[in-house]
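Next up, structure_6.cif (mmCIF, N, CA and C atoms):
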```cif
data_final
#
loop_
_atom_site.group_PDB
_atom_site.id
_atom_site.type_symbol
_atom_site.label_atom_id
_atom_site.label_comp_id
_atom_site.auth_asym_id
_atom_site.auth_seq_id
_atom_site.Cartn_x
_atom_site.Cartn_y
_atom_site.Cartn_z
ATOM 1 N N MET A 1 40.607 110.394 145.454
ATOM 2 C CA MET A 1 41.704 110.332 146.398
ATOM 3 C C MET A 1 41.288 109.436 147.563
ATOM 4 N N THR A 2 42.183 108.571 147.988
ATOM 5 C CA THR A 2 41.889 107.693 149.110
ATOM 6 C C THR A 2 42.713 108.094 150.323
ATOM 7 N N VAL A 3 42.271 107.631 151.474
ATOM 8 C CA VAL A 3 42.994 107.860 152.724
ATOM 9 C C VAL A 3 44.093 106.803 152.811
ATOM 10 N N PRO A 4 45.339 107.178 153.115
ATOM 11 C CA PRO A 4 46.409 106.180 153.226
ATOM 12 C C PRO A 4 46.092 105.129 154.287
ATOM 13 N N ASN A 5 46.533 103.907 154.040
ATOM 14 C CA ASN A 5 46.251 102.795 154.939
ATOM 15 C C ASN A 5 47.143 102.796 156.179
ATOM 16 N N LYS A 6 48.224 103.539 156.144
ATOM 17 C CA LYS A 6 49.196 103.530 157.236
ATOM 18 C C LYS A 6 48.557 104.023 158.543
ATOM 19 N N GLY A 7 48.650 103.214 159.583
ATOM 20 C CA GLY A 7 48.163 103.601 160.896
ATOM 21 C C GLY A 7 46.679 103.406 161.114
ATOM 22 N N LEU A 8 45.957 102.855 160.147
ATOM 23 C CA LEU A 8 44.515 102.634 160.312
ATOM 24 C C LEU A 8 44.261 101.287 160.985
ATOM 25 N N ARG A 9 43.294 101.273 161.892
ATOM 26 C CA ARG A 9 42.895 100.047 162.586
ATOM 27 C C ARG A 9 41.530 99.615 162.086
ATOM 28 N N SER A 10 41.291 98.315 162.060
ATOM 29 C CA SER A 10 40.007 97.780 161.605
ATOM 30 C C SER A 10 38.959 97.905 162.698
ATOM 31 N N LEU A 11 37.703 98.070 162.255
ATOM 32 C CA LEU A 11 36.585 98.211 163.178
ATOM 33 C C LEU A 11 35.307 97.826 162.435
ATOM 34 N N GLU A 12 34.416 97.115 163.096
ATOM 35 C CA GLU A 12 33.115 96.807 162.516
ATOM 36 C C GLU A 12 32.045 97.389 163.431
ATOM 37 N N VAL A 13 31.174 98.229 162.836
ATOM 38 C CA VAL A 13 30.115 98.891 163.589
ATOM 39 C C VAL A 13 28.802 98.727 162.827
ATOM 40 N N ASP A 14 27.853 98.083 163.452
ATOM 41 C CA ASP A 14 26.510 97.904 162.885
ATOM 42 C C ASP A 14 26.551 97.388 161.443
ATOM 43 N N GLY A 15 27.421 96.415 161.179
ATOM 44 C CA GLY A 15 27.512 95.812 159.859
ATOM 45 C C GLY A 15 28.411 96.544 158.874
ATOM 46 N N HIS A 16 28.961 97.675 159.248
ATOM 47 C CA HIS A 16 29.868 98.435 158.382
ATOM 48 C C HIS A 16 31.316 98.062 158.725
ATOM 49 N N LEU A 17 32.082 97.670 157.708
ATOM 50 C CA LEU A 17 33.502 97.431 157.900
ATOM 51 C C LEU A 17 34.222 98.757 157.726
ATOM 52 N N LEU A 18 34.960 99.154 158.755
ATOM 53 C CA LEU A 18 35.571 100.481 158.784
ATOM 54 C C LEU A 18 37.023 100.393 159.202
ATOM 55 N N ARG A 19 37.700 101.520 159.061
ATOM 56 C CA ARG A 19 39.052 101.692 159.573
ATOM 57 C C ARG A 19 39.097 103.029 160.293
ATOM 58 N N TRP A 20 39.887 103.104 161.356
ATOM 59 C CA TRP A 20 39.944 104.337 162.136
ATOM 60 C C TRP A 20 41.375 104.642 162.560
ATOM 61 N N SER A 21 41.591 105.915 162.838
ATOM 62 C CA SER A 21 42.914 106.383 163.229
ATOM 63 C C SER A 21 42.766 107.580 164.157
ATOM 64 N N VAL A 22 43.752 107.766 165.006
ATOM 65 C CA VAL A 22 43.780 108.903 165.924
ATOM 66 C C VAL A 22 45.057 109.694 165.670
ATOM 67 N N ARG A 23 44.909 110.999 165.650
ATOM 68 C CA ARG A 23 46.083 111.867 165.563
ATOM 69 C C ARG A 23 45.958 112.934 166.628
ATOM 70 N N ARG A 24 47.032 113.172 167.280
ATOM 71 C CA ARG A 24 47.056 114.229 168.287
ATOM 72 C C ARG A 24 47.921 115.358 167.756
ATOM 73 N N ARG A 25 47.435 116.555 167.881
ATOM 74 C CA ARG A 25 48.216 117.726 167.506
ATOM 75 C C ARG A 25 48.379 118.564 168.755
ATOM 76 N N GLY A 26 49.596 118.922 169.041
ATOM 77 C CA GLY A 26 49.843 119.665 170.260
ATOM 78 C C GLY A 26 50.643 120.924 170.031
ATOM 79 N N VAL A 27 50.870 121.596 171.117
ATOM 80 C CA VAL A 27 51.676 122.802 171.122
ATOM 81 C C VAL A 27 53.049 122.418 171.649
ATOM 82 N N ARG A 28 54.076 122.822 170.944
ATOM 83 C CA ARG A 28 55.435 122.480 171.364
ATOM 84 C C ARG A 28 55.703 122.986 172.781
ATOM 85 N N GLY A 29 56.191 122.106 173.619
ATOM 86 C CA GLY A 29 56.519 122.476 174.984
ATOM 87 C C GLY A 29 55.341 122.431 175.941
ATOM 88 N N CYS A 30 54.192 121.990 175.477
ATOM 89 C CA CYS A 30 53.001 121.921 176.334
ATOM 90 C C CYS A 30 52.354 120.548 176.161
ATOM 91 N N PRO A 31 52.773 119.535 176.914
ATOM 92 C CA PRO A 31 52.238 118.191 176.717
ATOM 93 C C PRO A 31 50.762 118.058 177.066
ATOM 94 N N ASP A 32 50.208 119.001 177.810
ATOM 95 C CA ASP A 32 48.790 118.931 178.157
ATOM 96 C C ASP A 32 47.915 119.779 177.244
ATOM 97 N N CYS A 33 48.459 120.263 176.142
ATOM 98 C CA CYS A 33 47.708 121.134 175.233
ATOM 99 C C CYS A 33 47.289 120.418 173.947
ATOM 100 N N ASP A 34 47.379 119.096 173.924
ATOM 101 C CA ASP A 34 47.040 118.344 172.718
ATOM 102 C C ASP A 34 45.556 118.439 172.410
ATOM 103 N N GLU A 35 45.239 118.373 171.115
ATOM 104 C CA GLU A 35 43.843 118.197 170.715
ATOM 105 C C GLU A 35 43.782 116.922 169.894
ATOM 106 N N LEU A 36 42.627 116.304 169.901
ATOM 107 C CA LEU A 36 42.448 114.986 169.311
ATOM 108 C C LEU A 36 41.734 115.101 167.965
ATOM 109 N N HIS A 37 42.202 114.337 166.986
ATOM 110 C CA HIS A 37 41.547 114.220 165.688
ATOM 111 C C HIS A 37 41.273 112.735 165.470
ATOM 112 N N LEU A 38 40.011 112.372 165.327
ATOM 113 C CA LEU A 38 39.618 110.981 165.102
ATOM 114 C C LEU A 38 39.079 110.872 163.686
ATOM 115 N N LEU A 39 39.643 109.943 162.914
ATOM 116 C CA LEU A 39 39.263 109.720 161.522
ATOM 117 C C LEU A 39 38.679 108.325 161.399
ATOM 118 N N VAL A 40 37.493 108.206 160.780
ATOM 119 C CA VAL A 40 36.871 106.914 160.519
ATOM 120 C C VAL A 40 36.505 106.885 159.038
ATOM 121 N N VAL A 41 36.938 105.826 158.332
ATOM 122 C CA VAL A 41 36.669 105.689 156.901
ATOM 123 C C VAL A 41 36.113 104.301 156.624
ATOM 124 N N GLY A 42 35.473 104.156 155.470
ATOM 125 C CA GLY A 42 35.031 102.840 155.034
ATOM 126 C C GLY A 42 36.234 101.956 154.785
ATOM 127 N N ASP A 43 36.017 100.647 154.763
ATOM 128 C CA ASP A 43 37.122 99.707 154.623
ATOM 129 C C ASP A 43 37.895 99.903 153.319
ATOM 130 N N ASP A 44 37.224 100.357 152.260
ATOM 131 C CA ASP A 44 37.919 100.586 150.989
ATOM 132 C C ASP A 44 38.615 101.946 150.938
ATOM 133 N N ARG A 45 38.444 102.766 151.979
ATOM 134 C CA ARG A 45 39.090 104.072 152.153
ATOM 135 C C ARG A 45 38.726 105.067 151.046
ATOM 136 N N ARG A 46 37.569 104.925 150.455
ATOM 137 C CA ARG A 46 37.097 105.861 149.428
ATOM 138 C C ARG A 46 35.812 106.526 149.903
ATOM 139 N N GLY A 47 35.495 107.670 149.316
ATOM 140 C CA GLY A 47 34.253 108.356 149.625
ATOM 141 C C GLY A 47 34.349 109.184 150.896
ATOM 142 N N SER A 48 33.204 109.528 151.427
ATOM 143 C CA SER A 48 33.105 110.384 152.605
ATOM 144 C C SER A 48 33.735 109.708 153.820
ATOM 145 N N PHE A 49 34.351 110.516 154.677
ATOM 146 C CA PHE A 49 34.949 109.995 155.901
ATOM 147 C C PHE A 49 34.509 110.850 157.074
ATOM 148 N N LEU A 50 34.475 110.245 158.238
ATOM 149 C CA LEU A 50 34.067 110.917 159.463
ATOM 150 C C LEU A 50 35.309 111.510 160.116
ATOM 151 N N LEU A 51 35.278 112.802 160.408
ATOM 152 C CA LEU A 51 36.416 113.483 161.010
ATOM 153 C C LEU A 51 35.921 114.275 162.210
ATOM 154 N N ILE A 52 36.438 113.944 163.387
ATOM 155 C CA ILE A 52 36.015 114.570 164.631
ATOM 156 C C ILE A 52 37.205 115.268 165.270
ATOM 157 N N HIS A 53 37.005 116.502 165.701
ATOM 158 C CA HIS A 53 38.029 117.266 166.412
ATOM 159 C C HIS A 53 37.563 117.468 167.853
ATOM 160 N N ILE A 54 38.395 117.102 168.795
ATOM 161 C CA ILE A 54 38.131 117.348 170.210
ATOM 162 C C ILE A 54 39.175 118.357 170.672
ATOM 163 N N PRO A 55 38.786 119.617 170.849
ATOM 164 C CA PRO A 55 39.772 120.645 171.163
ATOM 165 C C PRO A 55 40.191 120.698 172.630
ATOM 166 N N GLN A 56 39.687 119.811 173.443
ATOM 167 C CA GLN A 56 40.058 119.795 174.860
ATOM 168 C C GLN A 56 41.460 119.221 175.021
ATOM 169 N N ALA A 57 42.057 119.456 176.164
ATOM 170 C CA ALA A 57 43.369 118.882 176.452
ATOM 171 C C ALA A 57 43.278 117.363 176.406
ATOM 172 N N TRP A 58 44.133 116.746 175.618
ATOM 173 C CA TRP A 58 44.098 115.301 175.445
ATOM 174 C C TRP A 58 45.534 114.816 175.384
ATOM 175 N N GLY A 59 46.125 114.606 176.538
ATOM 176 C CA GLY A 59 47.525 114.223 176.609
ATOM 177 C C GLY A 59 47.759 112.799 176.145
ATOM 178 N N PRO A 60 49.009 112.447 175.931
ATOM 179 C CA PRO A 60 49.344 111.104 175.445
ATOM 180 C C PRO A 60 49.045 109.995 176.444
ATOM 181 N N ASP A 61 48.780 110.343 177.697
ATOM 182 C CA ASP A 61 48.476 109.321 178.700
ATOM 183 C C ASP A 61 47.012 108.886 178.657
ATOM 184 N N ARG A 62 46.202 109.471 177.766
ATOM 185 C CA ARG A 62 44.786 109.105 177.640
ATOM 186 C C ARG A 62 44.562 108.450 176.283
ATOM 187 N N PRO A 63 44.581 107.129 176.205
ATOM 188 C CA PRO A 63 44.400 106.464 174.914
ATOM 189 C C PRO A 63 42.950 106.530 174.437
ATOM 190 N N VAL A 64 42.767 106.392 173.142
ATOM 191 C CA VAL A 64 41.444 106.271 172.547
ATOM 192 C C VAL A 64 41.227 104.794 172.269
ATOM 193 N N THR A 65 40.127 104.255 172.767
ATOM 194 C CA THR A 65 39.862 102.828 172.653
ATOM 195 C C THR A 65 38.971 102.543 171.440
ATOM 196 N N PRO A 66 38.972 101.297 170.958
ATOM 197 C CA PRO A 66 38.054 100.923 169.884
ATOM 198 C C PRO A 66 36.585 101.142 170.274
ATOM 199 N N ARG A 67 36.259 100.969 171.546
ATOM 200 C CA ARG A 67 34.880 101.208 172.000
ATOM 201 C C ARG A 67 34.498 102.674 171.800
ATOM 202 N N GLN A 68 35.418 103.594 172.107
ATOM 203 C CA GLN A 68 35.146 105.017 171.891
ATOM 204 C C GLN A 68 35.012 105.321 170.397
ATOM 205 N N ALA A 69 35.877 104.727 169.571
ATOM 206 C CA ALA A 69 35.792 104.936 168.128
ATOM 207 C C ALA A 69 34.458 104.421 167.587
ATOM 208 N N ALA A 70 33.999 103.278 168.086
ATOM 209 C CA ALA A 70 32.718 102.728 167.652
ATOM 210 C C ALA A 70 31.558 103.624 168.087
ATOM 211 N N ALA A 71 31.627 104.159 169.297
ATOM 212 C CA ALA A 71 30.558 105.043 169.779
ATOM 213 C C ALA A 71 30.482 106.323 168.945
ATOM 214 N N VAL A 72 31.634 106.884 168.612
ATOM 215 C CA VAL A 72 31.650 108.078 167.749
ATOM 216 C C VAL A 72 31.111 107.736 166.366
ATOM 217 N N THR A 73 31.469 106.572 165.860
ATOM 218 C CA THR A 73 30.976 106.137 164.553
ATOM 219 C C THR A 73 29.453 106.010 164.564
ATOM 220 N N ARG A 74 28.899 105.463 165.642
ATOM 221 C CA ARG A 74 27.436 105.349 165.739
ATOM 222 C C ARG A 74 26.767 106.727 165.738
ATOM 223 N N LEU A 75 27.391 107.705 166.395
ATOM 224 C CA LEU A 75 26.859 109.077 166.346
ATOM 225 C C LEU A 75 26.880 109.608 164.919
ATOM 226 N N GLY A 76 27.969 109.358 164.205
ATOM 227 C CA GLY A 76 28.069 109.794 162.812
ATOM 228 C C GLY A 76 27.033 109.130 161.925
ATOM 229 N N LEU A 77 26.840 107.819 162.101
ATOM 230 C CA LEU A 77 25.829 107.105 161.320
ATOM 231 C C LEU A 77 24.429 107.632 161.623
ATOM 232 N N ALA A 78 24.153 107.915 162.890
ATOM 233 C CA ALA A 78 22.845 108.458 163.270
ATOM 234 C C ALA A 78 22.630 109.858 162.691
ATOM 235 N N ALA A 79 23.726 110.593 162.486
ATOM 236 C CA ALA A 79 23.626 111.952 161.936
ATOM 237 C C ALA A 79 23.542 111.962 160.416
ATOM 238 N N GLY A 80 23.649 110.778 159.781
ATOM 239 C CA GLY A 80 23.488 110.714 158.340
ATOM 240 C C GLY A 80 24.738 110.373 157.547
ATOM 241 N N TRP A 81 25.838 110.087 158.215
ATOM 242 C CA TRP A 81 27.056 109.724 157.490
ATOM 243 C C TRP A 81 26.913 108.327 156.903
ATOM 244 N N LEU A 82 27.265 108.177 155.638
ATOM 245 C CA LEU A 82 27.264 106.878 154.972
ATOM 246 C C LEU A 82 28.699 106.560 154.558
ATOM 247 N N PRO A 83 29.342 105.608 155.207
ATOM 248 C CA PRO A 83 30.740 105.304 154.897
ATOM 249 C C PRO A 83 30.925 104.896 153.439
ATOM 250 N N GLY A 84 31.923 105.474 152.807
ATOM 251 C CA GLY A 84 32.272 105.094 151.439
ATOM 252 C C GLY A 84 31.398 105.682 150.362
ATOM 253 N N SER A 85 30.438 106.506 150.697
ATOM 254 C CA SER A 85 29.583 107.088 149.667
ATOM 255 C C SER A 85 29.840 108.588 149.579
ATOM 256 N N GLY A 86 29.464 109.155 148.479
ATOM 257 C CA GLY A 86 29.621 110.590 148.296
ATOM 258 C C GLY A 86 31.045 110.978 147.936
ATOM 259 N N PRO A 87 31.300 112.279 147.930
ATOM 260 C CA PRO A 87 32.632 112.762 147.549
ATOM 261 C C PRO A 87 33.659 112.492 148.645
ATOM 262 N N ASP A 88 34.924 112.564 148.265
ATOM 263 C CA ASP A 88 36.015 112.413 149.243
ATOM 264 C C ASP A 88 36.088 113.674 150.081
ATOM 265 N N ALA A 89 35.196 113.779 151.028
ATOM 266 C CA ALA A 89 35.116 114.979 151.861
ATOM 267 C C ALA A 89 34.795 114.564 153.291
ATOM 268 N N PRO A 90 35.235 115.345 154.264
ATOM 269 C CA PRO A 90 34.953 114.992 155.658
ATOM 270 C C PRO A 90 33.495 115.214 156.027
ATOM 271 N N PHE A 91 32.961 114.333 156.846
ATOM 272 C CA PHE A 91 31.636 114.504 157.439
ATOM 273 C C PHE A 91 31.875 114.918 158.883
ATOM 274 N N THR A 92 31.437 116.102 159.244
ATOM 275 C CA THR A 92 31.697 116.635 160.590
ATOM 276 C C THR A 92 30.419 117.095 161.272
ATOM 277 N N GLN A 93 29.260 116.703 160.768
ATOM 278 C CA GLN A 93 27.995 117.261 161.223
ATOM 279 C C GLN A 93 27.342 116.445 162.335
ATOM 280 N N ILE A 94 28.038 116.213 163.404
ATOM 281 C CA ILE A 94 27.448 115.550 164.564
ATOM 282 C C ILE A 94 26.901 116.641 165.473
ATOM 283 N N ALA A 95 25.584 116.694 165.576
ATOM 284 C CA ALA A 95 24.939 117.776 166.317
ATOM 285 C C ALA A 95 24.961 117.543 167.827
ATOM 286 N N ASP A 96 25.007 116.296 168.248
ATOM 287 C CA ASP A 96 24.933 115.984 169.675
ATOM 288 C C ASP A 96 26.329 116.032 170.297
ATOM 289 N N THR A 97 26.844 117.233 170.501
ATOM 290 C CA THR A 97 28.198 117.374 171.030
ATOM 291 C C THR A 97 28.297 116.927 172.485
ATOM 292 N N SER A 98 27.211 117.002 173.239
ATOM 293 C CA SER A 98 27.274 116.536 174.627
ATOM 294 C C SER A 98 27.512 115.025 174.668
ATOM 295 N N ALA A 99 26.876 114.276 173.761
ATOM 296 C CA ALA A 99 27.114 112.833 173.694
ATOM 297 C C ALA A 99 28.537 112.557 173.225
ATOM 298 N N LEU A 100 29.022 113.353 172.292
ATOM 299 C CA LEU A 100 30.383 113.196 171.802
ATOM 300 C C LEU A 100 31.397 113.423 172.918
ATOM 301 N N PHE A 101 31.212 114.484 173.687
ATOM 302 C CA PHE A 101 32.132 114.769 174.786
ATOM 303 C C PHE A 101 32.040 113.713 175.886
ATOM 304 N N SER A 102 30.839 113.196 176.152
ATOM 305 C CA SER A 102 30.709 112.193 177.211
ATOM 306 C C SER A 102 31.400 110.888 176.837
ATOM 307 N N ILE A 103 31.506 110.576 175.535
ATOM 308 C CA ILE A 103 32.213 109.383 175.100
ATOM 309 C C ILE A 103 33.672 109.447 175.554
ATOM 310 N N PHE A 104 34.235 110.639 175.503
ATOM 311 C CA PHE A 104 35.643 110.822 175.853
ATOM 312 C C PHE A 104 35.832 111.278 177.293
ATOM 313 N N GLY A 105 34.758 111.356 178.061
ATOM 314 C CA GLY A 105 34.871 111.748 179.465
ATOM 315 C C GLY A 105 35.172 113.217 179.659
ATOM 316 N N ILE A 106 34.724 114.041 178.726
ATOM 317 C CA ILE A 106 34.925 115.488 178.806
ATOM 318 C C ILE A 106 33.581 116.115 179.127
ATOM 319 N N TYR A 107 33.528 116.854 180.186
ATOM 320 C CA TYR A 107 32.261 117.486 180.581
ATOM 321 C C TYR A 107 32.464 118.989 180.671
ATOM 322 N N PRO A 108 32.106 119.712 179.595
ATOM 323 C CA PRO A 108 32.329 121.171 179.589
ATOM 324 C C PRO A 108 31.464 121.924 180.571
#
```
What do you get writing this file as structure tokens?
Amino acid sequence: MTVPNKGLRSLEVDGHLLRWSVRRRGVRGCPDCDELHLLVVGDDRRGSFLLIHIPQAWGPDRPVTPRQAAAVTRLGLAAGWLPGSGPDAPFTQIADTSALFSIFGIYP
């Protein structure tokens, strides 16, 4: 199974050709209750993909930049994620959550 191409943006990080997408899921009637889902996949959209959930308030007025997507991707690569390899399953094992939160300007 592949990830649909709709809404994916191109990104190159440390020689890896990738695609990334952001989805916000919120609570109806609460614009400040959104949580962020960041998806990064290999350019061929097959194999393992990086999936990050940020459960902090993330309203629509705070965009996610390609620089932030690249920084999260580097954390995933450092944690052992290999784009396009392995089963079609999410890689969510980024242990350095403080670095992840600092990328998005969230300080718990």
Give me the residues near segment 67-70 of chain A as JSON, numbers by chain, where near means some atom within 6.5 Å (using only N, CA and C atoms) and where sequence neighbours in that chain fewer than 3 positions away do not count. {"A": [13, 64, 73, 74, 75, 103]}
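Among the candidate residues A:Pro63, A:Gly105, A:Gly76, A:Gly47, the one lying nearest to Asp88 of chain A is A:Gly47, with distances computed using all atoms listed in the file.
Relative to atom C of Glu12 of chain A, atom CA of Ser85 of chain A is found at 17.0 Å.
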Env of Gln93 of chain A: 6 Å cut, atoms = all atoms listed in the file, seq-sep filter 2 positions within chain, self excluded. Answer as JSON, numbers by chain. {"A": [79, 91, 95]}
Any chance you could resolve the PyMOL selection byres ((chain A and resi 46) around 7) against this file and give the residues as a PyMOL selection string? chain A and resi 1-3+41-45+47-49+83-88
As an exercise, work out the distance from atom CA of Ser98 of chain A to atom CA of Gly7 of chain A in Å and give it to one decimal place. 28.1 Å
Minimum-distance residue to Leu50 of chain A, chosen among A:Leu11, A:Leu77, A:Leu17, A:Leu38 (using all atoms listed in the file):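 Of the candidates, the smallest distance to Leu50 of chain A is held by A:Leu38.
Atom N of His37 of chain A lies 5.8 Å from atom N of His53 of chain A.
Checking A:Ala78, A:Leu8, A:Arg62, A:Thr97 one by one against Arg24 of chain A, counting only C-alpha atoms, you find the shortest gap at A:Arg62.
Compared by their closest atoms to Pro66 of chain A, and using only C-alpha atoms, the residues A:Ala89, A:Ile52, A:Phe101, A:Arg9 rank with A:Arg9 nearest.
The nearest approach to Trp81 of chain A among the residues A:Leu51, A:Ser10, A:Ser21, A:Ser102, with only C-alpha atoms taken into account, belongs to A:Leu51.
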